[in-house]
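Below is one structure, written out as structure tokens, with a few remarks after it.
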Amino acid sequence: MRTSSKWLALAAFSLSTLVIGLDATVLAVALPTLARALNATQSELQWFSTAFLLTVAGGMLPASVIADRAGRKKTLLAALVIFGGSALWSAYVTGPGQLIAARAIMGFAAALISVVTLGVIPVLFDSAERGKAIGVMMVATFLGLPIGPLLGGWILTNFWWGWIFLMNVPVAGLAFVLVLTLVPESRPDTPGPLDLIGLVLSIGGLTALCYGFVRAGSNGWADLEALTWIGSGVVTLVLVAGWEQHMAATGQAPLIAPSLFRLRGFTAGTLVPWIGQFALVGMLFILPMYGQAVRSEDAMGSGIRLLPLIAGFIVAAVLGDRLAKLLGPKAVATGGYLIMAVGVFLGARMTAVSSDLYVAVWLAIAGLGMGLGLVTAASVALRYVPADKANQASAVFQALQKTGGPLGAAVIGSALSQAYQQHLALPPDLPGGMTDTIKSGVFQGLAVADRVPLVRSAVRDAFDTGMATTLWICVGIAIAAALAALVLLPGRVDTADRTAPTSAPEMRHSRNPAPGV
């Protein structure tokens, strides 16, 4: 494939990924509007997001199976059609149940898109080019974070709420045309036997684990049902690991080849970003609340506030691959996460009266560091993956990252809630029911403050303290990611294309991609 064509194809993959980021962030802005328009309960509002998360997490490994059998291009085209069609349906639902169903279908389509777009990189790009290609993909992923709230806030202010879903349709359509015209087909010549037991167990384990984290984030870590789901998910995934080892040892075709984890850099490059993303989740969890609750900004304003974070990330994505070739992945990723720790440290000192410039500076520093760490580590994970294991490697990488998001939100959300409640200094003569409402969250507290203005400063001061506590935790997470990068990542990378051979027994059913790729 010509050099210019494969970079144009990468643009199509990036646009496909951007669709997912837009959808994930715009929904958070729209929940109050959807509650009124669809007469949805709090539980139903939660399921608008949960249904998407569960099918994304549970769909990762099935997506790799589908792509291996149907072909990457066909799978991606079908996923874009399903995603766009589900978005169209979402705009015209007449009740919460229909929207939950549409979101679940969109989640599975998102899993297909995520696995194929990342998995095709080892097929199109040699190891020397993969760092740059992964950087482009990561930028596309994170551009959806500020664009979603910005577009969502503008749409909800000026147009019918259905347009928050309909805006995905033309983006998915454009991505479809680009993929159709620019991307060659590739897949194993003849797929090996389907590991049905491994597939079913992995779907159940990932779904249970993700649901448990989501429930813990809503109900707290003392919730017995949440802990039961998490425990059952962990046990099931342990069974998956044992079953896959058995399949490989007996010369059969496992769903996840154990030798994948012995490929140079794959395990380290998958684990390090998983640790680092907890700090990113913390910032994305805190900043919209800070903008809206403390600085009285609307959804669009809180989205604009994220732009320095994304700008720093884009700069890192541009420079990261060059720096990794010059200094080595270990130095770049370790330094990146330490830079992120410095930025978040400055953020932990932020108050309600901090200037916009101060907030922008610390966010840009944190984004730069996060980008250097994440892009560098992710490129190590996929640098030496052979083309015939690209879908499988992408599915494993993506599945771990997708479970990290709900876990990070649960941990950070719990820390914020506890710190907020502990530092509330409320007047003793408030009615008990009003006190409980204020303790349930900062927005509920500010709603009470509209009727009882004297509690407003107490609510905001408590949130400031909780925000600082949470960001200090993020500092610790960034340092932990730096230590993991220092210990686990390789010191240097080879500039030559050295993808690992598929000689292990459990890889005997793998095939090379179709000619022309």
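Here's how to read the names in the structure tokens: chain A, B, ... by the order shown, residue numbers from 1 in each chain, ligand numbers from 1 in the order shown.
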Show me, as a list in words, the residues that have an atom within 7 Å of Ala279 of chain A when counting only C-alpha atoms, minus same-chain residues fewer than 3 positions from it. Gly276, Gly282, Met283, Cys474, Ile477 and Ala478 of chain A
At a cut-off of 9 Å, can you tabulate as a tab-separated table every residue of segment 252-333 of chain A near segment 483-487 of chain A together with its closest atom pair and the distance in Å to one decimal, using only C-alpha atoms and ordering rows by chain then number?
```
residue	atom	partner	partner_atom	distance
A:Ala268	CA	A:Ala485	CA	7.8
A:Gly269	CA	A:Ala485	CA	8.5
A:Leu271	CA	A:Ala484	CA	8.4
A:Val272	CA	A:Ala485	CA	6.1
A:Ile275	CA	A:Ala484	CA	8.3
A:Pro329	CA	A:Ala485	CA	8.4
A:Lys330	CA	A:Leu486	CA	5.6
A:Ala331	CA	A:Leu486	CA	7.3
A:Ala333	CA	A:Ala485	CA	6.1
```
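Nearest to Ser16 of chain A of all the residues A:Ala377, A:Ala257, A:Leu77, A:Ala360 is A:Leu77, counting only C-alpha atoms.
Among A:Ala378, A:Ile66, A:Ala37, A:Leu99, the residue with the shortest atom-to-atom distance to Phe266 of chain A, counting only C-alpha atoms, is A:Ala378.
Excluding Trp89 of chain A itself and any same-chain residue fewer than 2 positions from it, the protein and nucleic acid residues within 10 Å of it, counting only C-alpha atoms, are Phe83, Gly84, Gly85, Ser86, Ala87, Ala91, Tyr92, Val93, Thr94, Gln98, Leu99, Ala101, Ala102, Arg103, Gly162, Phe165 and Leu166 of chain A.
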Under the rule of at most 10 Å, produce a per-residue listing of segment 233-349 of chain A near segment 413-434 of chain A: chain, number, name, the closest pair of atoms, and the distance in Å, as JSON lines, using only C-alpha atoms.
```
{"residue": "A:Val281", "atom": "CA", "partner": "A:Gly413", "partner_atom": "CA", "distance": 9.9}
{"residue": "A:Gly282", "atom": "CA", "partner": "A:Gly413", "partner_atom": "CA", "distance": 8.1}
{"residue": "A:Phe285", "atom": "CA", "partner": "A:Gly413", "partner_atom": "CA", "distance": 7.7}
{"residue": "A:Ile286", "atom": "CA", "partner": "A:Leu416", "partner_atom": "CA", "distance": 8.7}
```
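Closest to Leu209 of chain A among A:Val169, A:Ala57, A:Leu180, A:Ala51 is A:Ala57, based on only C-alpha atoms.
Going from atom CA of Arg383 of chain A to atom CA of Ser127 of chain A covers 5.0 Å.
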Nearest-residue call for Asp461 of chain A, choices A:Val294, A:Val120, A:Ala341, A:Leu323, using only C-alpha atoms: A:Val294
Spatial neighbours of Arg215 of chain A, 9 Å, only C-alpha atoms, chain gap at least 6 places, as a ChimeraX atom specification: /A:221,223,225-227,229,410
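For the choices A:Ala111, A:Met167, A:Ile304, A:Val139, the atom-to-atom distance to Leu374 of chain A is smallest for A:Val139 when using only C-alpha atoms.
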At a cut-off of 9 Å, using only C-alpha atoms, what residues contact Gly71 of chain A? Leave out same-chain residues fewer than 2 positions from it and give the result as a CSV table (one decimal) with N, CA and C atoms, in the first residue's frame.
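Below is the file that was written, selection_21.csv:
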```csv
chain,number,residue,atom,x,y,z
A,66,ILE,N,-15.0,-11.4,15.2
A,66,ILE,CA,-15.7,-11.0,14.0
A,66,ILE,C,-14.8,-10.5,12.9
A,67,ALA,N,-13.9,-9.6,13.4
A,67,ALA,CA,-12.9,-9.0,12.4
A,67,ALA,C,-12.0,-10.0,11.7
A,68,ASP,N,-11.6,-11.0,12.5
A,68,ASP,CA,-10.8,-12.1,11.9
A,68,ASP,C,-11.5,-12.9,10.9
A,69,ARG,N,-12.8,-13.1,11.1
A,69,ARG,CA,-13.6,-13.9,10.2
A,69,ARG,C,-14.2,-13.1,9.0
A,73,LYS,N,-12.0,-4.5,7.2
A,73,LYS,CA,-12.7,-3.5,6.5
A,73,LYS,C,-14.2,-3.7,6.5
A,74,LYS,N,-14.7,-4.9,6.2
A,74,LYS,CA,-16.1,-5.2,6.3
A,74,LYS,C,-16.7,-4.9,7.7
A,75,THR,N,-15.9,-5.4,8.7
A,75,THR,CA,-16.3,-5.2,10.1
A,75,THR,C,-16.5,-3.7,10.4
A,76,LEU,N,-15.5,-2.9,10.0
A,76,LEU,CA,-15.5,-1.5,10.4
A,76,LEU,C,-16.7,-0.8,9.6
A,185,GLU,N,-8.9,-4.4,2.3
A,185,GLU,CA,-9.4,-5.5,3.2
A,185,GLU,C,-8.2,-6.4,3.7
A,186,SER,N,-8.3,-6.9,4.9
A,186,SER,CA,-7.3,-7.8,5.4
A,186,SER,C,-7.9,-8.7,6.5
A,187,ARG,N,-7.5,-9.9,6.5
A,187,ARG,CA,-8.0,-10.9,7.5
A,187,ARG,C,-7.1,-12.2,7.3
A,188,PRO,N,-7.1,-13.0,8.3
A,188,PRO,CA,-6.5,-14.3,8.1
A,188,PRO,C,-7.1,-15.1,6.9
```
Which of segment 257-387 of chain A fall in helix (DSSP H, G or I), as number ranges by chain: A: 258-262, 266-294, 299-304, 307-327, 329-348, 356-383, 387
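The space separating atom CA of Gly205 of chain A from atom CA of Gly58 of chain A comes to 8.0 Å.
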Can you tell me, as a compact mmCIF listing (two decimals) with N, CA and C atoms, in the first residue's frame, what residues are no more than 8 Å from Ile310 of chain A when counting only C-alpha atoms, ignoring any on the same chain fewer than 5 positions away?
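Listing of result_1.txt after writing:
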```txt
# COMPACT_ATOMS: atom_id res chain seq x y z
N PHE A 142 -9.03 11.69 22.11
CA PHE A 142 -9.19 12.70 23.14
C PHE A 142 -9.79 14.00 22.63
N LEU A 143 -9.81 14.20 21.32
CA LEU A 143 -10.48 15.39 20.80
C LEU A 143 -11.97 15.36 21.10
N PRO A 146 -13.38 17.43 24.70
CA PRO A 146 -13.90 18.80 24.78
C PRO A 146 -14.94 19.12 23.73
N ALA A 364 -2.54 22.38 30.70
CA ALA A 364 -1.65 22.16 29.55
C ALA A 364 -0.46 21.30 29.95
N GLY A 367 -1.74 17.76 30.46
CA GLY A 367 -2.03 17.14 29.17
C GLY A 367 -0.78 16.75 28.43
```
Which residues, written as a list in words, have at least one atom at most 6 Å from Tyr337 of chain A, with only C-alpha atoms counted and residues fewer than 6 positions away on the same chain left out? Gly369, Met370, Gly373, Ala478 and Ala482 of chain A
Output file for the selection above: C-alpha atoms, as a PDB file, in the first residue's frame:
```pdb
ATOM      1  CA  GLY A 369       2.728  14.796  30.422  1.00  0.00           C
ATOM      2  CA  MET A 370      -0.251  12.504  29.982  1.00  0.00           C
ATOM      3  CA  GLY A 373       3.197   8.772  28.862  1.00  0.00           C
ATOM      4  CA  ALA A 478       0.722   9.740  38.019  1.00  0.00           C
ATOM      5  CA  ALA A 482       5.952   6.856  36.197  1.00  0.00           C
TER       6      ALA A 482
END
```
